[in-house]
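Visitor: The following file, upload-v1.cif, comprises mmCIF, C-alpha atoms:
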data_model
loop_
_atom_site.label_atom_id
_atom_site.label_comp_id
_atom_site.auth_asym_id
_atom_site.auth_seq_id
_atom_site.Cartn_x
_atom_site.Cartn_y
_atom_site.Cartn_z
CA MET A 1 181.31 -8.07 107.93
CA THR A 2 180.46 -4.36 108.04
CA ARG A 3 179.12 -4.51 104.50
CA LEU A 4 177.04 -7.60 105.32
CA VAL A 5 175.56 -6.17 108.53
CA PHE A 6 174.57 -2.84 107.03
CA GLY A 7 173.30 -4.54 103.87
CA ILE A 8 170.94 -6.74 105.92
CA LEU A 9 169.85 -3.77 108.05
CA LEU A 10 169.02 -1.66 105.00
CA ALA A 11 167.16 -4.54 103.37
CA CYS A 12 165.02 -4.98 106.48
CA VAL A 13 164.17 -1.27 106.53
CA VAL A 14 163.13 -1.32 102.88
CA ILE A 15 161.01 -4.47 103.14
CA ALA A 16 159.35 -3.21 106.32
CA SER A 17 158.40 0.07 104.66
CA VAL A 18 156.96 -1.81 101.68
CA ALA A 19 154.94 -4.11 103.94
CA LEU A 20 153.56 -1.19 105.96
CA GLY A 21 151.93 0.31 102.89
CA PRO A 22 152.35 2.99 100.21
CA ASN A 23 152.60 5.95 102.60
CA PRO A 24 155.60 4.69 104.65
CA PHE A 25 157.21 3.49 101.43
CA ALA A 26 156.73 6.92 99.85
CA ILE A 27 158.35 8.58 102.87
CA LEU A 28 161.34 6.25 102.57
CA LEU A 29 161.63 6.99 98.85
CA VAL A 30 161.67 10.74 99.48
CA LEU A 31 164.34 10.32 102.17
CA VAL A 32 166.51 8.18 99.90
CA SER A 33 165.99 10.69 97.09
CA MET A 34 167.19 13.50 99.32
CA LEU A 35 170.38 11.65 100.23
CA ALA A 36 170.96 10.50 96.66
CA ALA A 37 170.40 14.04 95.34
CA ARG A 38 172.94 15.37 97.81
CA GLU A 39 175.55 12.99 96.43
CA TRP A 40 174.64 13.43 92.76
CA HIS A 41 174.71 17.23 92.74
CA ARG A 42 177.98 17.23 94.65
CA LEU A 43 179.44 14.60 92.31
CA VAL A 44 178.72 16.51 89.09
CA ARG A 45 179.37 19.97 90.49
CA SER A 46 181.68 22.10 88.41
CA VAL A 47 185.17 22.36 89.85
CA GLU A 48 185.18 26.07 89.03
CA MET A 49 182.36 26.78 91.47
CA PRO A 50 183.58 28.93 94.40
CA ASP A 51 182.86 28.17 98.04
CA VAL A 52 179.81 30.15 99.19
CA PRO A 53 177.60 30.25 102.30
CA PHE A 54 175.29 27.28 102.89
CA HIS A 55 172.10 29.03 101.77
CA GLN A 56 173.77 30.19 98.53
CA ASN A 57 175.52 26.93 97.72
CA PRO A 58 174.14 25.53 94.44
CA PHE A 59 174.90 22.02 95.69
CA HIS A 60 172.45 22.44 98.56
CA LEU A 61 169.91 24.32 96.45
CA GLN A 62 169.93 21.62 93.77
CA THR A 63 169.47 18.95 96.44
CA LEU A 64 166.50 20.82 97.86
CA ALA A 65 164.95 21.29 94.42
CA THR A 66 165.30 17.59 93.57
CA THR A 67 163.88 16.44 96.90
CA ILE A 68 160.88 18.78 96.63
CA THR A 69 160.24 17.55 93.09
CA VAL A 70 160.25 13.90 94.16
CA GLY A 71 158.16 14.68 97.24
CA LEU A 72 155.48 16.51 95.24
CA GLY A 73 155.49 13.75 92.66
CA ALA A 74 155.04 11.11 95.36
CA ALA A 75 152.21 13.10 96.97
CA ALA A 76 150.45 13.37 93.62
CA MET A 77 150.87 9.67 92.94
CA LEU A 78 149.55 8.72 96.38
CA ASN A 79 146.41 10.66 95.45
CA TYR A 80 146.14 8.70 92.19
CA LEU A 81 147.36 11.55 90.00
CA PRO A 82 150.25 10.01 88.03
CA TRP A 83 150.15 12.64 85.27
CA LEU A 84 150.52 15.40 87.84
CA ALA A 85 153.52 13.52 89.25
CA LEU A 86 155.05 13.52 85.77
CA ALA A 87 154.40 17.26 85.46
CA PHE A 88 156.21 17.90 88.76
CA LEU A 89 159.13 15.84 87.53
CA LEU A 90 159.44 17.76 84.28
CA LEU A 91 159.10 21.12 86.04
CA GLY A 92 161.75 20.07 88.55
CA THR A 93 164.10 19.11 85.72
CA LEU A 94 163.58 22.47 84.02
CA GLY A 95 164.03 24.29 87.30
CA GLY A 96 167.20 22.39 88.04
CA PHE A 97 168.61 23.31 84.65
CA VAL A 98 167.78 27.00 85.06
CA LEU A 99 169.16 27.13 88.59
CA ALA A 100 172.45 25.53 87.60
CA ARG A 101 172.71 27.54 84.38
CA MET A 102 172.39 30.79 86.30
CA ARG A 103 175.39 29.77 88.38
CA GLY A 104 177.41 28.21 85.53
CA ASP A 105 177.39 24.81 87.22
CA ASN A 106 177.13 21.91 84.72
CA ALA A 107 173.50 22.71 84.03
CA LEU A 108 172.73 19.64 81.90
CA LEU A 109 174.08 17.12 84.39
CA GLN A 110 172.49 18.91 87.34
CA ALA A 111 169.13 18.78 85.57
CA VAL A 112 169.59 15.14 84.53
CA GLY A 113 170.04 14.34 88.20
CA VAL A 114 166.37 15.18 88.84
CA LEU A 115 165.36 12.55 86.29
CA TYR A 116 168.02 10.06 87.37
CA ILE A 117 166.66 10.15 90.92
CA GLY A 118 163.02 11.12 90.42
CA VAL A 119 162.01 8.66 87.70
CA PRO A 120 163.16 5.54 89.62
CA ALA A 121 161.63 6.78 92.90
CA LEU A 122 158.24 7.44 91.33
CA SER A 123 158.45 4.20 89.32
CA LEU A 124 158.88 2.20 92.53
CA LEU A 125 155.93 3.94 94.15
CA ALA A 126 153.83 3.34 91.04
CA LEU A 127 154.69 -0.36 91.13
CA HIS A 128 153.49 -0.48 94.72
CA LEU A 129 150.28 1.41 93.93
CA TYR A 130 149.13 0.34 90.50
CA PRO A 131 150.09 -3.22 89.56
CA VAL A 132 147.53 -4.57 87.06
CA ASP A 133 144.40 -4.35 89.23
CA HIS A 134 145.13 -0.93 90.75
CA ALA A 135 145.52 -2.23 94.29
CA PRO A 136 148.69 -2.10 96.42
CA HIS A 137 150.63 -5.34 96.17
CA PRO A 138 153.88 -5.38 98.15
CA GLN A 139 154.73 -8.79 96.69
CA LEU A 140 155.74 -7.24 93.38
CA VAL A 141 158.00 -4.60 94.93
CA VAL A 142 159.61 -7.02 97.39
CA GLY A 143 160.30 -9.43 94.52
CA PHE A 144 161.84 -6.60 92.52
CA PHE A 145 164.19 -5.69 95.34
CA LEU A 146 165.18 -9.31 95.90
CA LEU A 147 166.02 -9.63 92.20
CA VAL A 148 168.21 -6.53 92.20
CA TRP A 149 169.90 -7.33 95.52
CA ALA A 150 170.64 -10.89 94.40
CA THR A 151 172.21 -9.51 91.23
CA ASP A 152 174.51 -7.16 93.15
CA THR A 153 175.41 -9.70 95.85
CA GLY A 154 176.03 -12.52 93.39
CA ALA A 155 178.22 -10.29 91.23
CA LEU A 156 180.32 -9.35 94.26
CA ILE A 157 180.72 -12.92 95.52
CA PHE A 158 181.43 -14.56 92.18
CA GLY A 159 183.71 -11.72 91.16
CA LYS A 160 185.78 -12.14 94.32
CA LEU A 161 185.87 -15.94 94.21
CA ILE A 162 186.52 -16.44 90.50
CA GLY A 163 187.97 -13.16 89.26
CA GLY A 164 189.12 -13.44 85.67
CA LYS A 165 188.59 -11.17 82.71
CA LYS A 166 187.24 -7.69 83.37
CA LEU A 167 183.87 -6.75 81.91
CA ALA A 168 184.58 -3.05 81.29
CA PRO A 169 187.97 -2.14 82.80
CA SER A 170 187.90 1.44 81.53
CA ILE A 171 184.61 2.06 83.37
CA SER A 172 184.59 -0.28 86.37
CA PRO A 173 187.97 -1.97 86.97
CA GLY A 174 186.56 -4.33 89.61
CA LYS A 175 183.64 -5.74 87.59
CA THR A 176 184.39 -9.12 85.98
CA ILE A 177 182.57 -11.26 83.43
CA ALA A 178 182.39 -14.10 85.94
CA GLY A 179 180.88 -11.79 88.54
CA THR A 180 178.32 -10.48 86.07
CA LEU A 181 177.19 -13.96 85.06
CA GLY A 182 177.24 -15.06 88.69
CA GLY A 183 175.05 -12.14 89.65
CA SER A 184 172.54 -13.01 86.94
CA LEU A 185 172.53 -16.65 88.06
CA CYS A 186 171.90 -15.63 91.67
CA ALA A 187 169.07 -13.36 90.54
CA ALA A 188 167.45 -16.23 88.66
CA ILE A 189 167.70 -18.60 91.64
CA VAL A 190 166.53 -16.14 94.28
CA TYR A 191 163.66 -14.78 92.20
CA GLY A 192 162.62 -18.27 91.13
CA LEU A 193 162.45 -19.40 94.75
CA TYR A 194 160.50 -16.29 95.69
CA ILE A 195 157.92 -16.89 92.96
CA GLY A 196 157.80 -20.60 93.79
CA PHE A 197 157.04 -19.77 97.41
CA TYR A 198 153.70 -18.32 96.28
CA GLY A 199 153.02 -21.30 94.03
CA PHE A 200 153.46 -19.33 90.82
CA SER A 201 155.47 -20.31 87.72
CA MET A 202 159.14 -20.63 88.67
CA LEU A 203 160.78 -21.36 85.30
CA PRO A 204 159.58 -18.28 83.40
CA ALA A 205 160.34 -16.20 86.50
CA MET A 206 163.92 -17.52 86.56
CA LEU A 207 164.41 -16.84 82.85
CA PHE A 208 162.99 -13.35 83.27
CA ALA A 209 165.23 -12.60 86.26
CA PHE A 210 168.35 -13.82 84.45
CA VAL A 211 167.67 -11.51 81.50
CA PHE A 212 166.37 -8.58 83.56
CA SER A 213 169.46 -8.63 85.78
CA ALA A 214 171.36 -7.17 82.82
CA VAL A 215 169.54 -3.89 83.49
CA ALA A 216 170.76 -3.89 87.10
CA HIS A 217 174.32 -4.55 85.90
CA GLY A 218 173.93 -1.64 83.49
CA GLY A 219 172.90 0.67 86.30
CA ASP A 220 176.05 -0.21 88.22
CA LEU A 221 178.19 0.49 85.17
CA LEU A 222 176.42 3.79 84.51
CA GLU A 223 177.16 5.15 87.96
CA SER A 224 180.75 3.87 87.72
CA PHE A 225 181.12 5.78 84.45
CA VAL A 226 179.91 9.03 86.04
CA LYS A 227 182.17 8.60 89.07
CA ARG A 228 185.15 7.85 86.84
CA ARG A 229 184.31 10.88 84.70
CA PHE A 230 184.60 13.10 87.79
CA GLY A 231 187.50 11.25 89.41
CA ARG A 232 185.60 9.71 92.32
CA LYS A 233 185.77 6.16 93.69
CA ASP A 234 182.57 6.37 95.75
CA SER A 235 179.63 8.76 95.61
CA GLY A 236 179.87 9.26 99.37
CA SER A 237 180.64 7.57 102.67
CA LEU A 238 177.27 7.57 104.43
CA ILE A 239 176.79 3.77 104.49
CA PRO A 240 179.65 1.85 106.14
CA GLY A 241 180.98 -0.88 103.88
CA HIS A 242 178.99 0.35 100.89
CA GLY A 243 180.06 3.94 100.24
CA GLY A 244 177.35 6.41 99.42
CA VAL A 245 173.62 6.08 98.85
CA LEU A 246 174.09 6.19 95.08
CA ASP A 247 176.59 3.35 95.34
CA ARG A 248 173.90 1.27 97.04
CA VAL A 249 170.94 2.13 94.78
CA ASP A 250 172.56 2.52 91.34
CA SER A 251 171.25 -0.85 90.12
CA THR A 252 167.81 -0.16 91.57
CA PHE A 253 167.63 3.25 89.89
CA ALA A 254 168.25 1.68 86.49
CA ALA A 255 165.97 -1.32 86.96
CA ALA A 256 162.89 0.41 88.45
CA PRO A 257 161.86 2.45 85.37
CA VAL A 258 162.37 -0.57 83.11
CA MET A 259 160.21 -2.74 85.38
CA ALA A 260 157.54 -0.03 85.41
CA LEU A 261 157.53 0.08 81.60
CA LEU A 262 157.20 -3.70 81.41
CA VAL A 263 154.28 -3.70 83.85
CA PHE A 264 152.32 -0.63 82.72
CA VAL A 265 153.15 -0.48 79.00
CA ALA A 266 153.90 -4.08 78.02
CA GLY A 267 151.38 -5.58 80.46
CA LEU A 268 153.84 -7.98 82.07
CA ASN A 269 152.92 -9.68 85.34
CA PRO A 270 156.34 -10.05 87.06
CA LEU A 271 154.88 -12.52 89.56
CA PHE A 272 154.09 -15.00 86.75
CA GLY A 273 150.86 -16.30 88.15
CA GLY A 274 148.78 -13.62 89.80
CA TYR A 275 148.49 -11.67 93.02
CA ARG A 276 147.53 -12.96 96.44
#
Is it possible to give me this structure as structure tokens?
Guide:
Amino acid sequence: MTRLVFGILLACVVIASVALGPNPFAILLVLVSMLAAREWHRLVRSVEMPDVPFHQNPFHLQTLATTITVGLGAAAMLNYLPWLALAFLLLGTLGGFVLARMRGDNALLQAVGVLYIGVPALSLLALHLYPVDHAPHPQLVVGFFLLVWATDTGALIFGKLIGGKKLAPSISPGKTIAGTLGGSLCAAIVYGLYIGFYGFSMLPAMLFAFVFSAVAHGGDLLESFVKRRFGRKDSGSLIPGHGGVLDRVDSTFAAAPVMALLVFVAGLNPLFGGYR
């Protein structure tokens, strides 16, 4: 029940921010990035690092660097300067590497965290700002979130109800093949209904969602691999019933850049019919 209540509450916050426009959505993305960065840099921190005062702690400094990078990138993108946003992201990655290297603190993984968090955040904002006709269209972003959430929820429900053979027991002991297929099926149904609500083409949308859900599953497995590598079950405990922020957004972080590539590079219209 706790997981359900907080899941619905978080979904409402996200959809409301999307509906209110790019600026509120950008603020939410920066806030989520800050919390996710806090968990990531703590998760991959070297065990040899000594305890130091707050202002000298590389964990806090890396979090600050990542959040500033995402914030500057979002500000540039809101002013229609996507290349400047990319430059901020690359500079933040380099800065994160240098900062961690100076302290002997898993420099590569600390730097990768800037990309792991920054690329999805800026991809989501870009999808809100620049879909096809360069006008904000919350329909696309809301549909994206529904697809990812349906994948995660379906995987959990079908995995619990059916169980069966594990998908990748060495990485994520709780993830089953039945849950994975169930999650993809739920994604297809939910996304198809969403597209059908607008009178667009349901069948291609359902096929797309079923295939695209594999990316969301991959994001879940990726974070599970990192947590297992560092001996952690959850990335944090901020969200009751869900664990940490990274535990909640791992699928989204993997799926957002892929969706952005499909829209901006491949020219895909994920709404399969237009924009209204």
Visitor: Need to verify the contact set: Pro204 in chain A, 12 Å, only C-alpha atoms, exclusion of same-chain residues closer than 6 positions in sequence. Can you return it as a tab-separated table (two decimals) with C-alpha atoms, in the frame of the given file?
Guide:
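In the end it all went to selection13.tsv:
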chain	number	residue	atom	x	y	z
A	188	ALA	CA	167.45	-16.23	88.66
A	189	ILE	CA	167.70	-18.60	91.64
A	191	TYR	CA	163.66	-14.78	92.20
A	192	GLY	CA	162.62	-18.27	91.13
A	193	LEU	CA	162.45	-19.40	94.75
A	195	ILE	CA	157.92	-16.89	92.96
A	196	GLY	CA	157.80	-20.60	93.79
A	210	PHE	CA	168.35	-13.82	84.45
A	211	VAL	CA	167.67	-11.51	81.50
A	212	PHE	CA	166.37	-8.58	83.56
A	268	LEU	CA	153.84	-7.98	82.07
A	269	ASN	CA	152.92	-9.68	85.34
A	270	PRO	CA	156.34	-10.05	87.06
A	271	LEU	CA	154.88	-12.52	89.56
A	272	PHE	CA	154.09	-15.00	86.75
A	273	GLY	CA	150.86	-16.30	88.15
Visitor: Using all atoms listed in the file, which protein or nucleic acid residues come within 10 Å of Val70 in chain A? Drop anything in the same chain fewer than 6 positions from it, and give the result as a PyMOL selection string.
Guide: chain A and resi 26+29-31+33-34+76+85-86+88-89+92+114-115+117-122
Visitor: For the file shown, what are the residues hit by the PyMOL selection byres ((chain A and resi 175) around 10), laid out as a PyMOL selection string?
Guide: chain A and resi 155-156+159-160+163-169+171-174+176-180+217+220-221
Visitor: Quick one: everything within 9 Å of Leu64 in chain A, counting all atoms listed in the file, minus sequence neighbours fewer than 5 positions away in the same chain. Send it as a list in words.
Guide: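 Listing them by chain and then by number gives Met34, Ala37, Arg38, Phe59 and Thr69 of chain A.
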Visitor: Just give me the gap between CA of Arg3 in chain A and CA of Leu246 in chain A in Å, one decimal is fine.
Guide: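 Computed distance, CA of Arg3 in chain A to CA of Leu246 in chain A, equals 15.1 Å.
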Visitor: As a check of understanding, name the residues that the PyMOL selection byres ((chain A and resi 22) around 9) selects in the supplied structure, as a ChimeraX atom specification.
Guide: /A:17-21,23-27,78,125,128-129,136,138
